[in-house]
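A.B. asks: Provided herewith: run_37.cif, mmCIF, C-alpha atoms.
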data_input
#
loop_
_atom_site.label_atom_id
_atom_site.label_comp_id
_atom_site.auth_asym_id
_atom_site.auth_seq_id
_atom_site.Cartn_x
_atom_site.Cartn_y
_atom_site.Cartn_z
CA MET A 1 0.00 0.00 0.00
CA PRO A 2 1.48 3.36 -0.89
CA HIS A 3 2.25 5.62 2.02
CA ASP A 4 0.11 8.72 1.74
CA HIS A 5 1.63 11.68 3.58
CA SER A 6 -1.55 13.71 3.44
CA ASP A 7 -3.26 11.05 5.49
CA HIS A 8 -1.20 11.03 8.71
CA PRO A 9 -3.46 10.07 11.61
CA HIS A 10 -1.14 11.85 14.06
CA ALA A 11 1.04 14.95 14.15
CA LEU A 12 4.21 14.67 12.08
CA LEU A 13 7.05 13.48 14.31
CA PRO A 14 9.96 15.97 14.27
CA PRO A 15 13.48 14.62 13.71
CA ASP A 16 15.41 13.25 16.71
CA PRO A 17 17.54 16.36 17.39
CA ALA A 18 14.43 18.55 17.35
CA LEU A 19 12.88 16.33 20.05
CA ARG A 20 16.09 16.53 22.09
CA VAL A 21 16.03 20.33 21.89
CA LYS A 22 12.38 20.33 23.01
CA ALA A 23 13.32 18.07 25.93
CA LEU A 24 16.02 20.51 27.08
CA GLU A 25 13.62 23.45 26.80
CA THR A 26 10.95 21.61 28.78
CA ILE A 27 13.35 20.59 31.57
CA LEU A 28 14.90 24.04 31.90
CA THR A 29 11.53 25.81 31.74
CA ARG A 30 10.11 23.57 34.48
CA LYS A 31 13.11 24.41 36.65
CA GLY A 32 12.60 28.11 36.00
CA LEU A 33 16.04 28.42 34.39
CA ILE A 34 14.81 29.79 31.07
CA ASP A 35 12.06 32.04 29.85
CA PRO A 36 10.50 30.70 26.63
CA ALA A 37 9.52 34.25 25.60
CA ALA A 38 13.18 35.25 25.73
CA LEU A 39 14.00 32.45 23.28
CA ASP A 40 11.39 33.75 20.84
CA GLU A 41 12.85 37.21 21.13
CA ILE A 42 16.38 36.00 20.43
CA ILE A 43 15.18 34.11 17.35
CA ASP A 44 13.26 37.13 16.11
CA THR A 45 16.28 39.36 16.61
CA TYR A 46 18.62 37.15 14.63
CA GLN A 47 16.08 36.26 11.97
CA ASN A 48 14.72 39.73 11.33
CA ARG A 49 16.71 42.51 12.92
CA ILE A 50 20.41 41.64 12.85
CA GLY A 51 22.17 40.92 9.62
CA PRO A 52 24.81 42.06 7.14
CA ARG A 53 22.96 45.37 6.64
CA ASN A 54 24.38 46.45 10.02
CA GLY A 55 27.94 45.82 8.91
CA ALA A 56 27.24 47.51 5.57
CA GLN A 57 26.23 50.69 7.41
CA VAL A 58 29.49 50.62 9.34
CA VAL A 59 31.53 50.16 6.15
CA ALA A 60 29.66 52.89 4.26
CA ARG A 61 30.18 55.30 7.14
CA ALA A 62 33.89 54.46 7.30
CA TRP A 63 34.17 55.17 3.56
CA SER A 64 32.44 58.54 3.95
CA ASP A 65 33.74 59.82 7.28
CA PRO A 66 37.50 59.79 7.95
CA GLY A 67 36.94 60.59 11.62
CA PHE A 68 34.73 57.52 12.04
CA ARG A 69 37.20 55.42 10.11
CA ALA A 70 39.97 56.47 12.50
CA ALA A 71 37.74 55.71 15.49
CA LEU A 72 37.00 52.29 14.01
CA GLN A 73 40.71 51.54 13.69
CA GLU A 74 41.34 52.79 17.20
CA ASP A 75 38.53 50.89 18.96
CA ALA A 76 35.98 49.20 16.72
CA THR A 77 33.94 47.84 19.64
CA ALA A 78 33.31 51.35 20.95
CA ALA A 79 32.76 52.87 17.51
CA VAL A 80 30.11 50.35 16.44
CA SER A 81 28.47 50.34 19.89
CA GLU A 82 27.71 54.00 19.33
CA MET A 83 25.75 52.95 16.24
CA GLY A 84 23.77 50.53 18.40
CA PHE A 85 25.69 47.39 17.39
CA TYR A 86 27.18 45.58 20.33
CA GLY A 87 27.99 42.01 21.20
CA ARG A 88 25.89 40.12 23.68
CA GLN A 89 28.73 37.73 24.41
CA GLY A 90 31.18 40.40 25.54
CA GLU A 91 33.41 40.01 22.52
CA HIS A 92 35.74 42.63 21.07
CA MET A 93 35.42 43.69 17.50
CA VAL A 94 38.39 44.43 15.30
CA VAL A 95 38.16 45.96 11.84
CA VAL A 96 40.84 44.99 9.34
CA GLU A 97 41.23 47.25 6.34
CA ASN A 98 41.88 46.06 2.80
CA THR A 99 44.52 47.98 0.87
CA PRO A 100 46.01 47.54 -2.59
CA SER A 101 48.85 45.61 -0.95
CA GLN A 102 46.85 43.51 1.53
CA HIS A 103 43.55 41.64 1.28
CA ASN A 104 42.03 40.38 4.53
CA MET A 105 39.93 37.30 5.04
CA VAL A 106 38.22 36.03 8.19
CA VAL A 107 37.77 32.47 9.43
CA CYS A 108 37.20 30.69 12.72
CA THR A 109 39.30 27.54 12.67
CA LEU A 110 38.06 26.35 16.08
CA CYS A 111 34.31 26.69 15.65
CA SER A 112 32.42 29.54 14.02
CA CYS A 113 33.08 32.78 15.90
CA TYR A 114 31.68 35.61 13.84
CA PRO A 115 30.74 39.29 14.41
CA TRP A 116 27.06 38.56 15.09
CA PRO A 117 26.00 42.17 15.83
CA LEU A 118 27.37 43.29 12.46
CA LEU A 119 26.70 40.30 10.21
CA GLY A 120 24.08 38.15 11.94
CA ILE A 121 24.31 34.37 11.82
CA PRO A 122 27.13 33.02 9.65
CA PRO A 123 26.26 31.27 6.39
CA GLY A 124 26.57 27.47 6.22
CA TRP A 125 29.84 27.52 4.30
CA TYR A 126 31.53 29.62 7.00
CA LYS A 127 30.74 26.84 9.49
CA SER A 128 31.86 23.99 7.23
CA ASP A 129 35.09 22.04 7.74
CA ALA A 130 35.92 22.73 4.10
CA TYR A 131 36.15 26.49 4.62
CA ARG A 132 37.52 26.40 8.16
CA ALA A 133 40.42 24.15 7.21
CA ARG A 134 41.22 25.52 3.78
CA ALA A 135 40.92 29.27 4.38
CA VAL A 136 44.21 29.15 6.28
CA ARG A 137 45.99 26.54 4.15
CA ALA A 138 45.05 27.77 0.68
CA PRO A 139 43.41 31.18 0.93
CA ARG A 140 43.97 32.16 -2.70
CA LYS A 141 42.40 28.94 -3.89
CA VAL A 142 39.37 29.50 -1.65
CA LEU A 143 39.11 33.09 -2.89
CA ALA A 144 39.21 31.88 -6.49
CA GLU A 145 36.28 29.56 -5.73
CA PHE A 146 34.36 32.60 -4.54
CA GLY A 147 35.25 34.32 -7.80
CA VAL A 148 37.77 36.68 -6.23
CA THR A 149 41.03 37.10 -8.09
CA LEU A 150 43.59 39.42 -6.59
CA LEU A 151 46.52 41.14 -8.21
CA PRO A 152 49.68 39.07 -7.80
CA GLU A 153 51.24 41.83 -5.69
CA THR A 154 48.36 41.79 -3.19
CA SER A 155 49.12 39.61 -0.18
CA VAL A 156 46.36 37.76 1.67
CA ARG A 157 46.15 37.85 5.44
CA VAL A 158 43.82 35.43 7.18
CA TRP A 159 42.44 36.39 10.60
CA ASP A 160 41.37 33.59 12.91
CA SER A 161 38.44 34.66 15.09
CA THR A 162 38.04 33.56 18.68
CA ALA A 163 35.31 33.75 21.27
CA GLU A 164 36.89 37.01 22.43
CA ILE A 165 37.86 38.69 19.14
CA ARG A 166 35.65 38.93 16.06
CA TYR A 167 36.94 40.48 12.85
CA LEU A 168 35.19 42.53 10.20
CA VAL A 169 36.86 43.30 6.89
CA LEU A 170 36.68 46.89 5.70
CA PRO A 171 36.76 46.46 1.92
CA MET A 172 38.24 49.07 -0.39
CA ARG A 173 35.74 51.63 -1.62
CA PRO A 174 34.80 50.76 -5.20
CA GLU A 175 36.01 52.99 -7.99
CA GLY A 176 33.36 55.23 -9.46
CA SER A 177 31.54 55.61 -6.13
CA ASP A 178 32.55 59.23 -5.53
CA GLY A 179 29.71 61.42 -4.41
CA LEU A 180 27.38 58.55 -3.45
CA SER A 181 25.40 58.91 -0.23
CA GLU A 182 26.12 56.61 2.71
CA GLN A 183 22.90 54.79 1.96
CA ALA A 184 23.87 54.23 -1.67
CA LEU A 185 27.33 53.10 -0.57
CA ALA A 186 25.88 50.64 1.94
CA ALA A 187 23.96 48.98 -0.89
CA LEU A 188 27.29 48.14 -2.53
CA VAL A 189 28.59 46.31 0.55
CA THR A 190 27.95 42.57 0.44
CA ARG A 191 28.15 40.18 3.37
CA ASP A 192 31.00 38.28 1.72
CA SER A 193 32.98 41.48 1.19
CA MET A 194 32.99 41.94 4.98
CA ILE A 195 34.22 38.36 5.53
CA GLY A 196 36.83 38.88 2.83
CA THR A 197 35.52 36.19 0.49
CA GLY A 198 34.01 38.77 -1.84
CA LEU A 199 34.40 42.33 -3.06
CA PRO A 200 31.85 45.14 -2.92
CA ARG A 201 29.55 45.60 -5.88
CA ALA A 202 30.52 48.14 -8.51
CA PRO A 203 28.26 51.19 -8.58
CA GLU A 204 25.82 51.35 -11.47
CA GLY A 205 27.27 53.02 -14.50
CA ALA A 206 30.83 52.45 -13.31
CA PRO A 207 33.16 51.08 -15.98
CA MET B 1 28.92 30.11 -2.35
CA SER B 2 27.93 33.69 -3.07
CA ASP B 3 25.54 36.00 -1.32
CA SER B 4 23.45 36.80 -4.38
CA ALA B 5 20.79 34.19 -3.54
CA PRO B 6 18.90 34.72 -0.29
CA GLU B 7 19.41 31.91 2.22
CA PRO B 8 17.39 31.32 5.36
CA VAL B 9 19.15 32.45 8.52
CA PHE B 10 18.47 29.03 10.04
CA GLU B 11 18.04 25.98 7.82
CA ASP B 12 15.76 24.19 10.27
CA PRO B 13 13.52 25.48 13.08
CA TRP B 14 15.34 23.38 15.67
CA HIS B 15 18.64 25.05 14.74
CA ALA B 16 17.05 28.38 15.66
CA GLN B 17 15.61 27.01 18.93
CA LEU B 18 18.93 25.48 19.92
CA PHE B 19 20.83 28.65 19.08
CA ALA B 20 18.42 30.80 21.08
CA LEU B 21 18.44 28.40 24.04
CA THR B 22 22.23 28.52 24.20
CA VAL B 23 22.46 32.30 23.84
CA HIS B 24 19.80 32.72 26.53
CA LEU B 25 21.62 30.41 28.96
CA ASN B 26 24.80 32.37 28.33
CA GLU B 27 23.05 35.69 28.87
CA THR B 28 21.52 34.52 32.12
CA GLY B 29 24.97 33.53 33.35
CA ARG B 30 24.83 29.69 33.23
CA PHE B 31 28.19 29.67 31.40
CA ASP B 32 30.47 32.18 29.75
CA TRP B 33 30.96 32.29 26.01
CA PRO B 34 34.69 31.44 25.84
CA ASP B 35 33.94 28.29 27.88
CA TRP B 36 31.12 27.44 25.47
CA ALA B 37 33.34 28.04 22.41
CA ALA B 38 36.10 25.82 23.85
CA ARG B 39 33.67 22.95 24.49
CA PHE B 40 31.95 23.35 21.15
CA SER B 41 35.20 23.40 19.19
CA ALA B 42 36.31 20.21 21.01
CA THR B 43 33.08 18.48 19.90
CA LEU B 44 33.51 19.70 16.32
CA LYS B 45 37.08 18.46 16.30
CA ARG B 46 36.03 15.03 17.57
CA HIS B 47 33.22 14.69 15.04
CA GLY B 48 35.46 15.98 12.26
CA LEU B 49 37.96 13.16 12.75
CA GLU B 50 35.62 10.71 11.07
CA ARG B 51 34.56 12.82 8.12
CA GLU B 52 34.37 16.36 6.82
CA LEU B 53 31.50 18.18 8.52
CA ASN B 54 29.09 20.40 6.66
CA GLY B 55 28.06 23.71 8.15
CA GLY B 56 24.40 22.74 8.48
CA ALA B 57 22.99 19.68 10.27
CA ASP B 58 26.45 18.34 11.20
CA TYR B 59 27.27 21.64 12.82
CA PHE B 60 24.09 21.88 14.87
CA ASN B 61 24.27 18.19 15.87
CA ALA B 62 27.69 18.94 17.37
CA TRP B 63 26.23 22.05 19.00
CA LEU B 64 23.39 20.02 20.55
CA GLU B 65 25.71 17.34 21.88
CA THR B 66 27.88 20.06 23.46
CA LEU B 67 24.93 21.68 25.20
CA GLU B 68 23.54 18.34 26.41
CA ASP B 69 26.92 17.40 27.90
CA LEU B 70 27.32 20.79 29.51
CA LEU B 71 23.88 20.68 31.15
CA ALA B 72 24.39 17.08 32.27
CA GLU B 73 27.70 18.03 33.83
CA SER B 74 26.22 21.00 35.65
CA GLY B 75 23.33 18.81 36.87
CA GLU B 76 20.67 21.02 35.25
CA ALA B 77 19.48 18.32 32.85
CA GLY B 78 20.82 14.81 33.45
CA ASP B 79 20.93 12.05 30.83
CA GLY B 80 18.03 10.05 32.30
CA GLU B 81 15.78 13.06 32.66
CA ARG B 82 16.53 14.13 29.09
CA ASP B 83 15.69 10.71 27.70
CA ARG B 84 12.41 10.56 29.63
CA VAL B 85 11.23 14.00 28.50
CA ARG B 86 12.33 13.37 24.91
CA GLN B 87 10.30 10.15 24.92
CA ALA B 88 7.30 11.98 26.38
CA TRP B 89 7.47 14.47 23.50
CA GLU B 90 7.70 11.65 20.97
CA ASN B 91 4.64 9.97 22.51
CA ALA B 92 2.77 13.27 22.49
CA TYR B 93 3.42 13.68 18.75
CA LEU B 94 2.38 10.12 18.02
CA THR B 95 -0.89 10.43 19.94
CA THR B 96 -1.95 13.95 18.94
CA PRO B 97 -4.30 14.02 15.95
CA HIS B 98 -2.79 15.60 12.87
CA GLY B 99 -3.32 19.34 12.72
CA GLN B 100 -3.74 19.86 16.47
CA PRO B 101 -1.15 21.53 18.69
CA VAL B 102 1.13 19.08 20.48
CA HIS B 103 1.46 19.40 24.26
CA LEU B 104 3.02 17.27 26.95
CA PRO B 105 0.41 15.69 29.22
CA GLY B 106 0.15 17.22 32.66
#
What would you get if you wrote out this structure as structure tokens?
C.D. replies:
Amino acid sequence: MPHDHSDHPHALLPPDPALRVKALETILTRKGLIDPAALDEIIDTYQNRIGPRNGAQVVARAWSDPGFRAALQEDATAAVSEMGFYGRQGEHMVVVENTPSQHNMVVCTLCSCYPWPLLGIPPGWYKSDAYRARAVRAPRKVLAEFGVTLLPETSVRVWDSTAEIRYLVLPMRPEGSDGLSEQALAALVTRDSMIGTGLPRAPEGAP
Amino acid sequence: MSDSAPEPVFEDPWHAQLFALTVHLNETGRFDWPDWAARFSATLKRHGLERELNGGADYFNAWLETLEDLLAESGEAGDGERDRVRQAWENAYLTTPHGQPVHLPG
């Protein structure tokens, strides 16, 4: 007899890990150790309110405002906190600036440390063994897979994040973007360009 | 591997629940984040000895195992208690008519 999924007599059983997560939530809620509403709020925050747009605002402001850029180099944690972006895990943020002679790329070889307040939750590839192991060993090869080819004279520096220090790449401002507003500049900043596995978009009409 | 296509923040709802649970426990002071990161990276390393882990289900399975071990160690959710409550949830799903909300009895 064919198995008809539209005809389940009972609720669809979630996968084993989902049941294990529910068990933990139930136990901790019964003991008064967690507040289920707080969990919903955290999920909402990371799903809807925190993401690469935050980091893009920081980059666009650094491109437009030399004073802010200097403050970012001096103490990125303080500079981005003033924009309302701060870590909930007490981490320090460090901004590494791309130049014609040095391209920066961020990895976490131990687990998946990432500047959450500026970029949100890392993409799957950032958390994969493939990226975590190879970003350090063969950064140019990994960059090529992302479609990034650098000039031979540009060196690549890989920054290994930790629970305490999270890096954000400040990409070079694209050519042909003179006179654009901060908002227009922010639209050029991609998530990958702030991890160092991409470059910002070229402005429309640029050669 | 580009960011031109939109991807969901969390691939699966339980990834989101697990993430939020862990962040909440950290924020309420059950453990500090460097301790969490050290434990989690040890689990990833152990799992990664057998095969190359992807950044999706493999990653969150390692995350779950780390949190279960941590809470068992601290006595907040022991192995036996976890198994019993997990089984109760499974039974609840299997005995709740399709389309109705699933609750634990009692």
A.B. asks: Please identify every residue of chain A that has at least one atom no more than 7 Å from any atom of chain B, counting all atoms listed in the file, and report them as an NGL selection string.
C.D. replies: :A and (8-13 or 18-21 or 23-24 or 27 or 39 or 42-43 or 47 or 89 or 110-111 or 121 or 124-129 or 146 or 163-164 or 191-192)
A.B. asks: Take atom CA of A:Arg61 and atom CA of A:Ser181 and report the distance between them in Å, one decimal.
C.D. replies: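 Atom CA of A:Ser181 lies 9.5 Å from atom CA of A:Arg61.
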A.B. asks: Which residues come within 7 Å of A:Gly196, counting all atoms listed in the file, excluding same-chain residues fewer than 4 positions away, as a VMD selection string?
C.D. replies: chain A and resid 104 to 106 169 192
A.B. asks: Need to verify the contact set: A:Met83, 10 Å, all atoms listed in the file, exclusion of same-chain residues closer than 6 positions in sequence. Can you return it as number ranges by chain?
C.D. replies: A: 54, 57-58
A.B. asks: So what do you get for atom CA of A:Thr109 versus atom CA of A:Ser161, distance-wise?
C.D. replies: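 Interatomic distance here is 7.6 Å.
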A.B. asks: Go ahead and compute the interatomic distance for atom CA of A:Ile195 and atom CA of A:Leu180, in Å to one decimal.
C.D. replies: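 Rounded to one decimal, the two atoms are 23.1 Å apart.
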A.B. asks: Check what the PyMOL selection byres ((chain A and resi 199) around 8) selects in the file above and give those residues as a list in words.
C.D. replies: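 Given this file, the PyMOL selection byres ((chain A and resi 199) around 8) evaluates to Val148, Pro171, Val189, Thr190, Asp192, Ser193, Gly196, Thr197, Gly198, Pro200 and Arg201 of chain A.
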A.B. asks: Name the residues captured by the PyMOL selection byres ((chain A and resi 136) around 12) when it is applied to the shown file; answer as a list in words.
C.D. replies: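 Against this file, the PyMOL selection byres ((chain A and resi 136) around 12) returns the residues Asn104, Met105, Val106, Val107, Cys108, Thr109, Leu110, Asp129, Ala130, Tyr131, Arg132, Ala133, Arg134, Ala135, Arg137, Ala138, Pro139, Arg140, Lys141, Val142, Leu143, Val156, Arg157, Val158, Trp159, Asp160 and Ser161 of chain A.
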A.B. asks: Apply the PyMOL selection byres ((chain A and resi 80) around 10) to the file shown and report the selected residues as a PDB file with C-alpha atoms, keeping the file's coordinate frame.
C.D. replies:
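This is the output file part16.pdb:
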ATOM      1  CA  ASN A  54      24.380  46.450  10.020  1.00  0.00           C
ATOM      2  CA  GLY A  55      27.940  45.820   8.910  1.00  0.00           C
ATOM      3  CA  GLN A  57      26.230  50.690   7.410  1.00  0.00           C
ATOM      4  CA  VAL A  58      29.490  50.620   9.340  1.00  0.00           C
ATOM      5  CA  PHE A  68      34.730  57.520  12.040  1.00  0.00           C
ATOM      6  CA  ALA A  71      37.740  55.710  15.490  1.00  0.00           C
ATOM      7  CA  LEU A  72      37.000  52.290  14.010  1.00  0.00           C
ATOM      8  CA  ASP A  75      38.530  50.890  18.960  1.00  0.00           C
ATOM      9  CA  ALA A  76      35.980  49.200  16.720  1.00  0.00           C
ATOM     10  CA  THR A  77      33.940  47.840  19.640  1.00  0.00           C
ATOM     11  CA  ALA A  78      33.310  51.350  20.950  1.00  0.00           C
ATOM     12  CA  ALA A  79      32.760  52.870  17.510  1.00  0.00           C
ATOM     13  CA  SER A  81      28.470  50.340  19.890  1.00  0.00           C
ATOM     14  CA  GLU A  82      27.710  54.000  19.330  1.00  0.00           C
ATOM     15  CA  MET A  83      25.750  52.950  16.240  1.00  0.00           C
ATOM     16  CA  GLY A  84      23.770  50.530  18.400  1.00  0.00           C
ATOM     17  CA  PHE A  85      25.690  47.390  17.390  1.00  0.00           C
ATOM     18  CA  TYR A  86      27.180  45.580  20.330  1.00  0.00           C
ATOM     19  CA  GLY A  87      27.990  42.010  21.200  1.00  0.00           C
ATOM     20  CA  MET A  93      35.420  43.690  17.500  1.00  0.00           C
ATOM     21  CA  PRO A 117      26.000  42.170  15.830  1.00  0.00           C
ATOM     22  CA  LEU A 118      27.370  43.290  12.460  1.00  0.00           C
TER      23      LEU A 118
END
